$ cat run.txt   # compact mmCIF, C-alpha atoms
# COMPACT_ATOMS: atom_id res chain seq x y z
CA MET Q 1 -0.17 12.92 -21.34
CA SER Q 2 0.43 14.09 -17.81
CA ALA Q 3 -0.43 12.71 -14.40
CA LEU Q 4 -3.91 13.78 -13.24
CA LEU Q 5 -2.39 15.22 -10.07
CA GLY Q 6 0.66 16.68 -11.81
CA THR Q 7 2.77 14.20 -9.83
CA ASP Q 8 3.40 10.47 -9.80
CA VAL Q 9 5.43 10.47 -6.58
CA VAL Q 10 3.87 8.26 -3.90
CA VAL Q 11 5.06 9.88 -0.67
CA GLN Q 12 3.16 7.87 1.94
CA LEU Q 13 1.46 4.54 2.55
CA GLY Q 14 -1.18 4.65 5.30
CA PHE Q 15 -2.55 1.78 7.39
CA VAL Q 16 -5.58 1.75 9.70
CA VAL Q 17 -5.13 -0.30 12.89
CA TRP Q 18 -6.99 -0.98 16.11
CA ASP Q 19 -4.00 -0.34 18.37
CA VAL Q 20 -1.31 2.04 17.12
CA GLU Q 21 0.98 1.33 20.10
CA LYS Q 22 0.97 -2.44 19.60
CA THR Q 23 1.28 -2.36 15.82
CA GLY Q 24 3.80 0.50 16.04
CA ALA Q 25 6.07 -1.67 18.21
CA LYS Q 26 5.92 -4.45 15.59
CA PHE Q 27 6.78 -2.06 12.75
CA ALA Q 28 9.66 -0.63 14.78
CA GLU Q 29 11.05 -4.13 15.29
CA PHE Q 30 10.58 -4.97 11.60
CA PHE Q 31 12.40 -1.82 10.45
CA GLY Q 32 15.00 -1.95 13.25
CA VAL Q 33 14.23 1.54 14.54
CA GLU Q 34 13.08 3.16 17.78
CA CYS Q 35 9.30 3.33 17.89
CA PRO Q 36 8.33 6.87 16.82
CA PRO Q 37 6.14 8.99 19.11
CA THR Q 38 2.36 8.91 18.76
CA CYS Q 39 0.72 12.11 17.62
CA THR Q 40 -2.91 13.06 17.25
CA SER Q 41 -4.98 14.58 14.49
CA GLY Q 42 -5.42 17.66 16.68
CA ASP Q 43 -8.09 19.90 18.15
CA PRO Q 44 -11.29 19.53 16.08
CA ASP Q 45 -11.87 23.27 16.34
CA VAL Q 46 -8.46 23.89 14.74
CA VAL Q 47 -8.38 21.18 12.06
CA LYS Q 48 -11.97 21.86 10.89
CA GLY Q 49 -12.52 18.38 9.47
CA SER Q 50 -15.35 17.41 7.16
CA TYR Q 51 -16.43 13.90 6.17
CA ARG Q 52 -18.81 13.22 3.29
CA GLY Q 53 -19.66 16.91 3.16
CA GLU Q 54 -20.55 17.35 6.83
CA PRO Q 55 -18.39 18.86 9.60
CA THR Q 56 -16.83 16.17 11.79
CA ARG Q 57 -15.01 16.04 15.10
CA ALA Q 58 -13.53 12.59 14.28
CA SER Q 59 -9.94 12.18 15.37
CA CYS Q 60 -7.13 9.63 15.27
CA ARG Q 61 -3.79 8.73 16.82
CA MET Q 62 -0.86 8.25 14.44
CA LYS Q 63 2.71 7.03 14.18
CA PHE Q 64 4.99 7.84 11.24
CA PHE Q 65 7.89 5.66 10.05
CA GLU Q 66 10.34 7.28 7.63
CA THR Q 67 11.70 4.79 5.09
CA PRO Q 68 13.90 5.57 2.07
CA SER Q 69 11.16 5.38 -0.54
CA LEU Q 70 8.11 6.57 1.37
CA GLN Q 71 6.63 7.40 4.76
CA ILE Q 72 4.56 4.72 6.47
CA GLU Q 73 1.67 6.01 8.58
CA LEU Q 74 -0.25 3.98 11.15
CA ILE Q 75 -3.67 5.38 12.08
CA GLN Q 76 -5.85 4.41 15.02
CA PRO Q 77 -9.20 6.17 14.58
CA ASP Q 78 -11.62 7.06 17.35
CA ASP Q 79 -15.25 5.82 17.30
CA THR Q 80 -16.68 8.71 15.26
CA PRO Q 81 -17.42 7.86 11.61
CA SER Q 82 -14.51 8.93 9.39
CA VAL Q 83 -12.55 7.81 6.36
CA TRP Q 84 -10.41 5.81 8.80
CA ARG Q 85 -13.05 4.38 11.11
CA ASP Q 86 -15.50 3.29 8.41
CA PHE Q 87 -12.71 1.50 6.52
CA LEU Q 88 -11.61 -0.26 9.72
CA ASN Q 89 -15.18 -1.34 10.49
CA GLU Q 90 -15.87 -2.53 6.96
CA LYS Q 91 -12.58 -3.95 5.68
CA GLY Q 92 -10.55 -4.44 8.84
CA GLU Q 93 -6.97 -3.50 9.60
CA GLY Q 94 -4.55 -2.99 6.74
CA MET Q 95 -3.35 -0.70 3.98
CA HIS Q 96 -5.74 2.22 3.68
CA HIS Q 97 -4.34 4.87 1.30
CA ILE Q 98 -1.40 6.15 -0.67
CA ALA Q 99 -0.60 9.85 -0.59
CA PHE Q 100 0.66 12.42 -3.07
CA ARG Q 101 1.95 15.92 -2.31
CA VAL Q 102 0.03 18.63 -4.14
CA LYS Q 103 0.39 22.40 -4.41
CA ASN Q 104 -3.30 23.26 -4.59
CA THR Q 105 -5.77 20.94 -2.91
CA ASP Q 106 -8.90 22.67 -4.23
CA GLU Q 107 -7.66 22.39 -7.80
CA ALA Q 108 -6.61 18.76 -7.36
CA VAL Q 109 -9.97 17.85 -5.80
CA LYS Q 110 -11.78 19.52 -8.70
CA THR Q 111 -9.67 17.63 -11.26
CA LEU Q 112 -10.26 14.30 -9.53
CA GLU Q 113 -13.99 14.87 -9.03
CA ALA Q 114 -14.33 15.56 -12.76
CA LYS Q 115 -12.84 12.09 -13.36
CA GLY Q 116 -15.35 10.45 -11.01
CA TYR Q 117 -13.13 10.36 -7.90
CA PRO Q 118 -15.17 12.05 -5.14
CA LEU Q 119 -13.81 13.84 -2.07
CA LEU Q 120 -14.36 11.82 1.12
CA GLN Q 121 -12.78 13.79 3.92
CA ARG Q 122 -10.60 16.85 4.39
CA GLY Q 123 -9.13 18.98 7.13
CA LEU Q 124 -6.06 20.81 8.36
CA TYR Q 125 -2.96 19.26 9.92
CA ALA Q 126 -2.96 19.35 13.74
CA ASN Q 127 -0.75 22.46 13.73
CA ALA Q 128 -2.64 24.02 10.79
CA SER Q 129 0.59 24.11 8.72
CA GLY Q 130 -1.08 22.29 5.85
CA GLN Q 131 -4.14 20.39 4.77
CA TYR Q 132 -5.09 16.87 3.74
CA ALA Q 133 -7.89 15.49 1.58
CA TYR Q 134 -8.96 11.88 1.08
CA ILE Q 135 -10.41 10.88 -2.30
CA ASP Q 136 -12.47 7.80 -3.06
CA ALA Q 137 -10.73 6.08 -5.99
CA GLN Q 138 -11.82 2.62 -4.89
CA GLU Q 139 -13.96 1.88 -7.94
CA ASP Q 140 -11.32 2.66 -10.58
CA LEU Q 141 -7.96 2.50 -8.76
CA LYS Q 142 -9.01 0.12 -5.97
CA MET Q 143 -7.82 2.44 -3.23
CA ILE Q 144 -8.29 5.64 -1.31
CA LEU Q 145 -5.95 8.50 -2.30
CA GLU Q 146 -4.71 11.18 0.06
CA LEU Q 147 -3.59 14.62 -1.05
CA LEU Q 148 -1.13 16.43 1.22
CA GLU Q 149 -0.56 20.15 0.90
CA ASP Q 150 2.07 21.78 3.07
CA PHE Q 151 1.35 25.52 3.23
CA ASP Q 152 4.99 26.40 4.09
CA GLU Q 153 6.21 24.33 1.16
CA ASN Q 154 4.14 26.50 -1.17
CA VAL Q 155 5.54 29.72 0.29
CA LYS Q 156 9.05 28.36 -0.20
CA GLY Q 157 8.28 26.98 -3.68
CA MET M 1 19.00 -2.50 15.97
CA SER M 2 18.76 -3.47 12.33
CA ALA M 3 15.86 -4.17 9.99
CA LEU M 4 14.71 -7.80 10.15
CA LEU M 5 15.22 -8.12 6.39
CA GLY M 6 18.45 -6.09 6.36
CA THR M 7 16.59 -3.49 4.29
CA ASP M 8 13.87 -0.89 4.85
CA VAL M 9 13.43 -0.02 1.18
CA VAL M 10 9.89 -0.63 -0.04
CA VAL M 11 10.39 -1.33 -3.75
CA GLN M 12 6.88 -2.32 -4.82
CA LEU M 13 3.22 -1.96 -3.89
CA GLY M 14 1.01 -4.73 -5.26
CA PHE M 15 -2.75 -4.71 -5.90
CA VAL M 16 -5.05 -7.63 -6.68
CA VAL M 17 -7.79 -6.86 -9.20
CA TRP M 18 -10.48 -8.70 -11.13
CA ASP M 19 -9.58 -7.18 -14.49
CA VAL M 20 -5.99 -6.09 -15.04
CA GLU M 21 -6.78 -4.54 -18.44
CA LYS M 22 -9.58 -2.33 -17.15
CA THR M 23 -7.82 -1.26 -13.95
CA GLY M 24 -4.52 -0.90 -15.83
CA ALA M 25 -6.14 1.62 -18.19
CA LYS M 26 -7.35 3.66 -15.19
CA PHE M 27 -3.90 3.65 -13.57
CA ALA M 28 -2.32 4.69 -16.89
CA GLU M 29 -4.71 7.64 -17.11
CA PHE M 30 -4.06 8.57 -13.46
CA PHE M 31 -0.28 8.52 -13.92
CA GLY M 32 -0.38 10.03 -17.42
CA VAL M 33 1.53 7.18 -19.05
CA GLU M 34 0.99 4.62 -21.79
CA CYS M 35 -0.57 1.49 -20.38
CA PRO M 36 2.24 -1.02 -19.84
CA PRO M 37 2.03 -4.49 -21.44
CA THR M 38 0.45 -7.37 -19.57
CA CYS M 39 2.74 -10.21 -18.60
CA THR M 40 2.04 -13.55 -17.01
CA SER M 41 3.49 -15.41 -14.08
CA GLY M 42 4.85 -17.99 -16.50
CA ASP M 43 4.84 -21.71 -17.21
CA PRO M 44 3.98 -23.57 -13.98
CA ASP M 45 6.62 -26.20 -14.83
CA VAL M 46 9.26 -23.45 -14.95
CA VAL M 47 8.24 -21.27 -12.01
CA LYS M 48 7.67 -24.23 -9.65
CA GLY M 49 5.24 -22.40 -7.37
CA SER M 50 4.17 -23.59 -3.96
CA TYR M 51 1.30 -22.27 -1.85
CA ARG M 52 0.89 -23.12 1.82
CA GLY M 53 3.50 -25.85 1.47
CA GLU M 54 1.96 -27.62 -1.53
CA PRO M 55 2.99 -27.38 -5.19
CA THR M 56 0.62 -25.14 -7.15
CA ARG M 57 -0.05 -24.34 -10.80
CA ALA M 58 -1.81 -21.07 -9.91
CA SER M 59 -1.00 -18.22 -12.25
CA CYS M 60 -1.74 -14.54 -12.74
CA ARG M 61 -1.62 -11.72 -15.27
CA MET M 62 0.26 -8.58 -14.27
CA LYS M 63 0.98 -4.98 -15.24
CA PHE M 64 3.82 -2.95 -13.77
CA PHE M 65 3.86 0.85 -13.41
CA GLU M 66 7.23 2.45 -12.65
CA THR M 67 6.90 5.51 -10.40
CA PRO M 68 9.73 7.50 -8.81
CA SER M 69 9.45 6.02 -5.34
CA LEU M 70 8.26 2.48 -6.05
CA GLN M 71 6.87 0.08 -8.61
CA ILE M 72 3.12 -0.48 -8.67
CA GLU M 73 2.00 -3.97 -9.65
CA LEU M 74 -1.52 -4.96 -10.66
CA ILE M 75 -2.28 -8.68 -10.40
CA GLN M 76 -5.24 -10.55 -11.86
CA PRO M 77 -5.12 -14.09 -10.49
CA ASP M 78 -6.61 -17.17 -12.13
CA ASP M 79 -9.20 -19.36 -10.33
CA THR M 80 -6.69 -21.63 -8.59
CA PRO M 81 -6.19 -20.92 -4.87
CA SER M 82 -3.14 -18.70 -4.36
CA VAL M 83 -1.91 -15.82 -2.22
CA TRP M 84 -3.57 -13.55 -4.80
CA ARG M 85 -6.83 -15.39 -5.44
CA ASP M 86 -7.66 -16.11 -1.80
CA PHE M 87 -7.09 -12.45 -0.87
CA LEU M 88 -9.32 -11.33 -3.74
CA ASN M 89 -12.07 -13.74 -2.71
CA GLU M 90 -11.87 -12.83 0.98
CA LYS M 91 -11.02 -9.11 1.05
CA GLY M 92 -11.83 -7.95 -2.47
CA GLU M 93 -9.81 -5.78 -4.81
CA GLY M 94 -7.16 -3.49 -3.41
CA MET M 95 -3.67 -3.18 -1.99
CA HIS M 96 -2.27 -6.66 -1.40
CA HIS M 97 1.43 -6.48 -0.48
CA ILE M 98 4.56 -4.40 -0.25
CA ALA M 99 7.83 -5.84 -1.48
CA PHE M 100 11.47 -5.71 -0.39
CA ARG M 101 14.50 -6.81 -2.39
CA VAL M 102 16.58 -9.45 -0.59
CA LYS M 103 19.85 -11.20 -1.37
CA ASN M 104 18.99 -14.59 0.12
CA THR M 105 15.35 -15.64 0.18
CA ASP M 106 15.91 -18.81 2.22
CA GLU M 107 17.70 -16.84 4.95
CA ALA M 108 15.07 -14.08 4.95
CA VAL M 109 12.21 -16.61 5.16
CA LYS M 110 13.95 -18.32 8.08
CA THR M 111 14.42 -14.99 9.91
CA LEU M 112 10.80 -14.01 9.38
CA GLU M 113 9.40 -17.42 10.34
CA ALA M 114 11.34 -17.22 13.61
CA LYS M 115 9.48 -13.95 14.31
CA GLY M 116 6.11 -15.56 13.64
CA TYR M 117 5.73 -14.47 10.02
CA PRO M 118 5.03 -17.65 8.03
CA LEU M 119 5.80 -18.27 4.36
CA LEU M 120 2.64 -18.31 2.23
CA GLN M 121 3.74 -18.79 -1.35
CA ARG M 122 6.93 -18.87 -3.35
CA GLY M 123 8.18 -19.51 -6.86
CA LEU M 124 10.48 -18.35 -9.62
CA TYR M 125 9.97 -15.37 -11.90
CA ALA M 126 8.46 -16.29 -15.30
CA ASN M 127 11.94 -16.26 -16.91
CA ALA M 128 13.56 -17.97 -13.90
CA SER M 129 15.89 -14.96 -13.42
CA GLY M 130 14.90 -14.63 -9.79
CA GLN M 131 12.47 -15.77 -7.15
CA TYR M 132 9.66 -14.33 -5.04
CA ALA M 133 8.22 -15.30 -1.66
CA TYR M 134 5.07 -14.04 0.04
CA ILE M 135 5.03 -13.85 3.83
CA ASP M 136 1.99 -13.62 6.07
CA ALA M 137 2.57 -10.59 8.31
CA GLN M 138 -1.12 -9.78 8.58
CA GLU M 139 -1.39 -10.38 12.31
CA ASP M 140 1.48 -8.11 13.38
CA LEU M 141 2.09 -5.76 10.43
CA LYS M 142 -1.43 -5.90 8.94
CA MET M 143 -0.17 -6.87 5.50
CA ILE M 144 1.38 -9.47 3.27
CA LEU M 145 5.09 -8.98 2.53
CA GLU M 146 6.81 -10.01 -0.66
CA LEU M 147 10.51 -10.80 -0.93
CA LEU M 148 12.10 -10.36 -4.36
CA GLU M 149 15.46 -11.92 -5.14
CA ASP M 150 17.04 -11.21 -8.50
CA PHE M 151 19.63 -13.92 -9.21
CA ASP M 152 21.57 -11.69 -11.65
CA GLU M 153 21.71 -8.91 -9.09
CA ASN M 154 23.49 -11.25 -6.69
CA VAL M 155 26.04 -12.26 -9.28
CA LYS M 156 26.73 -8.59 -10.01
CA GLY M 157 26.69 -7.56 -6.32
$ encode --input "run.txt" --output "structure tokens"
Amino acid sequence: MSALLGTDVVVQLGFVVWDVEKTGAKFAEFFGVECPPTCTSGDPDVVKGSYRGEPTRASCRMKFFETPSLQIELIQPDDTPSVWRDFLNEKGEGMHHIAFRVKNTDEAVKTLEAKGYPLLQRGLYANASGQYAYIDAQEDLKMILELLEDFDENVKG
Amino acid sequence: MSALLGTDVVVQLGFVVWDVEKTGAKFAEFFGVECPPTCTSGDPDVVKGSYRGEPTRASCRMKFFETPSLQIELIQPDDTPSVWRDFLNEKGEGMHHIAFRVKNTDEAVKTLEAKGYPLLQRGLYANASGQYAYIDAQEDLKMILELLEDFDENVKG
């Protein structure tokens, strides 16, 4: 038996929030660190996002906290429907996804879709150095999965 | 600055589910492992649980998946009101808490309560080798925290 994704390493836990500055300050206090800078999901023309099979210009603001076992991501979505915004509207603030690093997103998406885990959203990182894909595993695994593929990592690997 | 709990190591991610056997089988397939055994929260007279300040006999059935970065816990609560059951009723299945290992639960609870994070539920492990406490950090940190204190660990440490 092997892991469906070829990895069992959870690298990130993502939250959706209404106010990334306010919640970021609380996380910084909790972890005893300086509040990390806020970044954005980038220029829609660069990141080429798609949500439920249609191109999207949805964006978000994010803060990343590095902890020993995994990265914690806070996401404040804009008003456009997205994997972040629809979750926030429907379920409210809270834990949204766990992420795994993959070497080949297309292959991983195909493997997961064959198991009944459909692709929800995908796009490039803000600086186009990698890509992400969100997978709907809510029925079987009770969560959304994120795949992270760092293009540089693959060149190095 | 130091972490409120004296640690920033997330050791566990807990899910509440309606059927720990069914969801456990899906997680086992996803991670490519044998499905771990189901255990229970133990004899209520031994674990001496309390929920929202009142003694409780609430129980749950659990499966634990060991992954490189953290432990994943699936929890199927019984019908009695508890930190697990009330979440399941109100928010549905999904990610429920992240856990940190602490050396002194009473001290950690006091520190967190002073920051506006109230204690929700506490009790002993099924074999009384340690204790757990759930903290309501939903307003500020958008999640429930769990503190885990292993009595043996303290003796050794």
$ calpha_fit_and_write --input "run.txt" --fixed "chain Q" --moving "chain M" --output "tab-separated table (two decimals) with C-alpha atoms, in the coordinates of the input"
chain	number	residue	atom	x	y	z
M	1	MET	CA	-0.18	12.92	-21.34
M	2	SER	CA	0.43	14.10	-17.81
M	3	ALA	CA	-0.44	12.71	-14.39
M	4	LEU	CA	-3.91	13.78	-13.23
M	5	LEU	CA	-2.39	15.22	-10.05
M	6	GLY	CA	0.66	16.67	-11.81
M	7	THR	CA	2.77	14.21	-9.81
M	8	ASP	CA	3.41	10.46	-9.78
M	9	VAL	CA	5.42	10.45	-6.56
M	10	VAL	CA	3.87	8.25	-3.89
M	11	VAL	CA	5.06	9.88	-0.66
M	12	GLN	CA	3.16	7.88	1.95
M	13	LEU	CA	1.45	4.55	2.55
M	14	GLY	CA	-1.17	4.64	5.30
M	15	PHE	CA	-2.55	1.78	7.41
M	16	VAL	CA	-5.57	1.75	9.71
M	17	VAL	CA	-5.13	-0.29	12.88
M	18	TRP	CA	-6.99	-0.97	16.11
M	19	ASP	CA	-4.00	-0.34	18.36
M	20	VAL	CA	-1.32	2.04	17.12
M	21	GLU	CA	0.97	1.32	20.10
M	22	LYS	CA	0.96	-2.44	19.60
M	23	THR	CA	1.28	-2.36	15.81
M	24	GLY	CA	3.80	0.49	16.03
M	25	ALA	CA	6.06	-1.67	18.21
M	26	LYS	CA	5.92	-4.46	15.59
M	27	PHE	CA	6.77	-2.07	12.75
M	28	ALA	CA	9.66	-0.63	14.79
M	29	GLU	CA	11.05	-4.14	15.30
M	30	PHE	CA	10.58	-4.97	11.59
M	31	PHE	CA	12.39	-1.82	10.46
M	32	GLY	CA	14.99	-1.95	13.24
M	33	VAL	CA	14.23	1.54	14.55
M	34	GLU	CA	13.08	3.16	17.77
M	35	CYS	CA	9.32	3.34	17.88
M	36	PRO	CA	8.33	6.87	16.82
M	37	PRO	CA	6.13	9.00	19.11
M	38	THR	CA	2.37	8.92	18.76
M	39	CYS	CA	0.71	12.12	17.61
M	40	THR	CA	-2.91	13.06	17.26
M	41	SER	CA	-4.96	14.59	14.50
M	42	GLY	CA	-5.42	17.67	16.67
M	43	ASP	CA	-8.10	19.90	18.14
M	44	PRO	CA	-11.29	19.52	16.07
M	45	ASP	CA	-11.88	23.29	16.33
M	46	VAL	CA	-8.47	23.88	14.73
M	47	VAL	CA	-8.39	21.18	12.06
M	48	LYS	CA	-11.97	21.85	10.88
M	49	GLY	CA	-12.52	18.37	9.45
M	50	SER	CA	-15.35	17.40	7.15
M	51	TYR	CA	-16.43	13.90	6.17
M	52	ARG	CA	-18.80	13.21	3.29
M	53	GLY	CA	-19.68	16.90	3.15
M	54	GLU	CA	-20.54	17.34	6.83
M	55	PRO	CA	-18.39	18.86	9.59
M	56	THR	CA	-16.84	16.16	11.78
M	57	ARG	CA	-14.99	16.01	15.10
M	58	ALA	CA	-13.53	12.58	14.29
M	59	SER	CA	-9.94	12.16	15.37
M	60	CYS	CA	-7.13	9.63	15.27
M	61	ARG	CA	-3.78	8.73	16.81
M	62	MET	CA	-0.86	8.24	14.44
M	63	LYS	CA	2.73	7.03	14.18
M	64	PHE	CA	4.99	7.82	11.25
M	65	PHE	CA	7.89	5.65	10.05
M	66	GLU	CA	10.34	7.27	7.63
M	67	THR	CA	11.71	4.79	5.08
M	68	PRO	CA	13.90	5.57	2.06
M	69	SER	CA	11.16	5.39	-0.55
M	70	LEU	CA	8.11	6.58	1.38
M	71	GLN	CA	6.63	7.39	4.75
M	72	ILE	CA	4.56	4.73	6.48
M	73	GLU	CA	1.68	6.01	8.60
M	74	LEU	CA	-0.25	3.98	11.16
M	75	ILE	CA	-3.65	5.39	12.09
M	76	GLN	CA	-5.85	4.41	15.02
M	77	PRO	CA	-9.19	6.17	14.57
M	78	ASP	CA	-11.62	7.08	17.33
M	79	ASP	CA	-15.25	5.82	17.31
M	80	THR	CA	-16.67	8.70	15.26
M	81	PRO	CA	-17.42	7.86	11.61
M	82	SER	CA	-14.51	8.93	9.40
M	83	VAL	CA	-12.55	7.82	6.35
M	84	TRP	CA	-10.41	5.81	8.79
M	85	ARG	CA	-13.05	4.39	11.11
M	86	ASP	CA	-15.49	3.30	8.41
M	87	PHE	CA	-12.70	1.50	6.52
M	88	LEU	CA	-11.61	-0.26	9.71
M	89	ASN	CA	-15.17	-1.34	10.48
M	90	GLU	CA	-15.88	-2.52	6.94
M	91	LYS	CA	-12.56	-3.94	5.68
M	92	GLY	CA	-10.55	-4.43	8.85
M	93	GLU	CA	-6.96	-3.50	9.59
M	94	GLY	CA	-4.54	-2.99	6.75
M	95	MET	CA	-3.34	-0.70	3.99
M	96	HIS	CA	-5.74	2.23	3.68
M	97	HIS	CA	-4.34	4.87	1.31
M	98	ILE	CA	-1.40	6.15	-0.65
M	99	ALA	CA	-0.60	9.84	-0.59
M	100	PHE	CA	0.66	12.43	-3.07
M	101	ARG	CA	1.95	15.91	-2.30
M	102	VAL	CA	0.02	18.64	-4.15
M	103	LYS	CA	0.39	22.40	-4.40
M	104	ASN	CA	-3.31	23.27	-4.59
M	105	THR	CA	-5.78	20.94	-2.91
M	106	ASP	CA	-8.90	22.69	-4.22
M	107	GLU	CA	-7.66	22.40	-7.81
M	108	ALA	CA	-6.62	18.76	-7.36
M	109	VAL	CA	-9.99	17.84	-5.79
M	110	LYS	CA	-11.78	19.52	-8.70
M	111	THR	CA	-9.67	17.62	-11.26
M	112	LEU	CA	-10.27	14.31	-9.53
M	113	GLU	CA	-14.00	14.88	-9.03
M	114	ALA	CA	-14.33	15.57	-12.75
M	115	LYS	CA	-12.83	12.10	-13.35
M	116	GLY	CA	-15.33	10.46	-11.01
M	117	TYR	CA	-13.14	10.38	-7.91
M	118	PRO	CA	-15.16	12.05	-5.14
M	119	LEU	CA	-13.81	13.84	-2.07
M	120	LEU	CA	-14.36	11.83	1.11
M	121	GLN	CA	-12.78	13.79	3.93
M	122	ARG	CA	-10.62	16.83	4.40
M	123	GLY	CA	-9.13	18.98	7.13
M	124	LEU	CA	-6.06	20.80	8.36
M	125	TYR	CA	-2.97	19.24	9.90
M	126	ALA	CA	-2.97	19.33	13.74
M	127	ASN	CA	-0.75	22.45	13.72
M	128	ALA	CA	-2.63	24.01	10.79
M	129	SER	CA	0.60	24.08	8.72
M	130	GLY	CA	-1.07	22.28	5.85
M	131	GLN	CA	-4.14	20.38	4.77
M	132	TYR	CA	-5.10	16.86	3.74
M	133	ALA	CA	-7.90	15.48	1.57
M	134	TYR	CA	-8.98	11.88	1.08
M	135	ILE	CA	-10.41	10.88	-2.30
M	136	ASP	CA	-12.49	7.82	-3.08
M	137	ALA	CA	-10.73	6.08	-5.98
M	138	GLN	CA	-11.83	2.62	-4.89
M	139	GLU	CA	-13.96	1.89	-7.93
M	140	ASP	CA	-11.32	2.67	-10.57
M	141	LEU	CA	-7.97	2.51	-8.76
M	142	LYS	CA	-9.02	0.12	-5.96
M	143	MET	CA	-7.82	2.45	-3.22
M	144	ILE	CA	-8.29	5.65	-1.30
M	145	LEU	CA	-5.96	8.50	-2.28
M	146	GLU	CA	-4.71	11.17	0.06
M	147	LEU	CA	-3.60	14.63	-1.04
M	148	LEU	CA	-1.13	16.43	1.23
M	149	GLU	CA	-0.57	20.16	0.89
M	150	ASP	CA	2.07	21.79	3.05
M	151	PHE	CA	1.35	25.53	3.23
M	152	ASP	CA	4.98	26.38	4.08
M	153	GLU	CA	6.21	24.36	1.13
M	154	ASN	CA	4.14	26.54	-1.19
M	155	VAL	CA	5.53	29.73	0.28
M	156	LYS	CA	9.06	28.39	-0.20
M	157	GLY	CA	8.35	26.95	-3.67
$ interface_residues --input "run.txt" --of "chain M" --to "chain Q" --cutoff "9 Å" --atoms "only C-alpha atoms" --output "PyMOL selection string"
chain M and resi 1-11+15-17+22-24+26-34+67-70+91+93-97+138+140-143
$ atom_distance --input "run.txt" --atom1 "CA of Leu148 in chain Q" --atom2 "CA of Pro44 in chain Q"
18.3 Å
$ residues_around --input "run.txt" --residues "Thr56 in chain M" --least-positions-apart "3" --cutoff "10 Å" --atoms "only C-alpha atoms" --output "mmCIF file with C-alpha atoms, in the coordinates of the input"
data_model
loop_
_atom_site.group_PDB
_atom_site.id
_atom_site.type_symbol
_atom_site.label_atom_id
_atom_site.label_comp_id
_atom_site.auth_asym_id
_atom_site.auth_seq_id
_atom_site.Cartn_x
_atom_site.Cartn_y
_atom_site.Cartn_z
ATOM 1 C CA PRO M 44 3.980 -23.570 -13.980
ATOM 2 C CA ASP M 45 6.620 -26.200 -14.830
ATOM 3 C CA VAL M 47 8.240 -21.270 -12.010
ATOM 4 C CA LYS M 48 7.670 -24.230 -9.650
ATOM 5 C CA GLY M 49 5.240 -22.400 -7.370
ATOM 6 C CA SER M 50 4.170 -23.590 -3.960
ATOM 7 C CA TYR M 51 1.300 -22.270 -1.850
ATOM 8 C CA ARG M 52 0.890 -23.120 1.820
ATOM 9 C CA GLY M 53 3.500 -25.850 1.470
ATOM 10 C CA SER M 59 -1.000 -18.220 -12.250
ATOM 11 C CA THR M 80 -6.690 -21.630 -8.590
ATOM 12 C CA PRO M 81 -6.190 -20.920 -4.870
ATOM 13 C CA SER M 82 -3.140 -18.700 -4.360
ATOM 14 C CA GLN M 121 3.740 -18.790 -1.350
ATOM 15 C CA ARG M 122 6.930 -18.870 -3.350
ATOM 16 C CA GLY M 123 8.180 -19.510 -6.860
#
$ residues_around --input "run.txt" --residues "Gly42 in chain Q" --least-positions-apart "3" --cutoff "12 Å" --atoms "all atoms listed in the file" --output "list in words"
Thr38, Cys39, Asp45, Val46, Val47, Lys48, Gly49, Arg57, Ala58, Ser59, Cys60, Arg61, Met62, Gly123, Leu124, Tyr125, Ala126, Asn127, Ala128 and Ser129 of chain Q
$ atom_distance --input "run.txt" --atom1 "CA of Asp150 in chain Q" --atom2 "CA of Phe100 in chain M"
29.3 Å
$ atom_distance --input "run.txt" --atom1 "CA of Tyr134 in chain Q" --atom2 "CA of Arg101 in chain Q"
12.1 Å
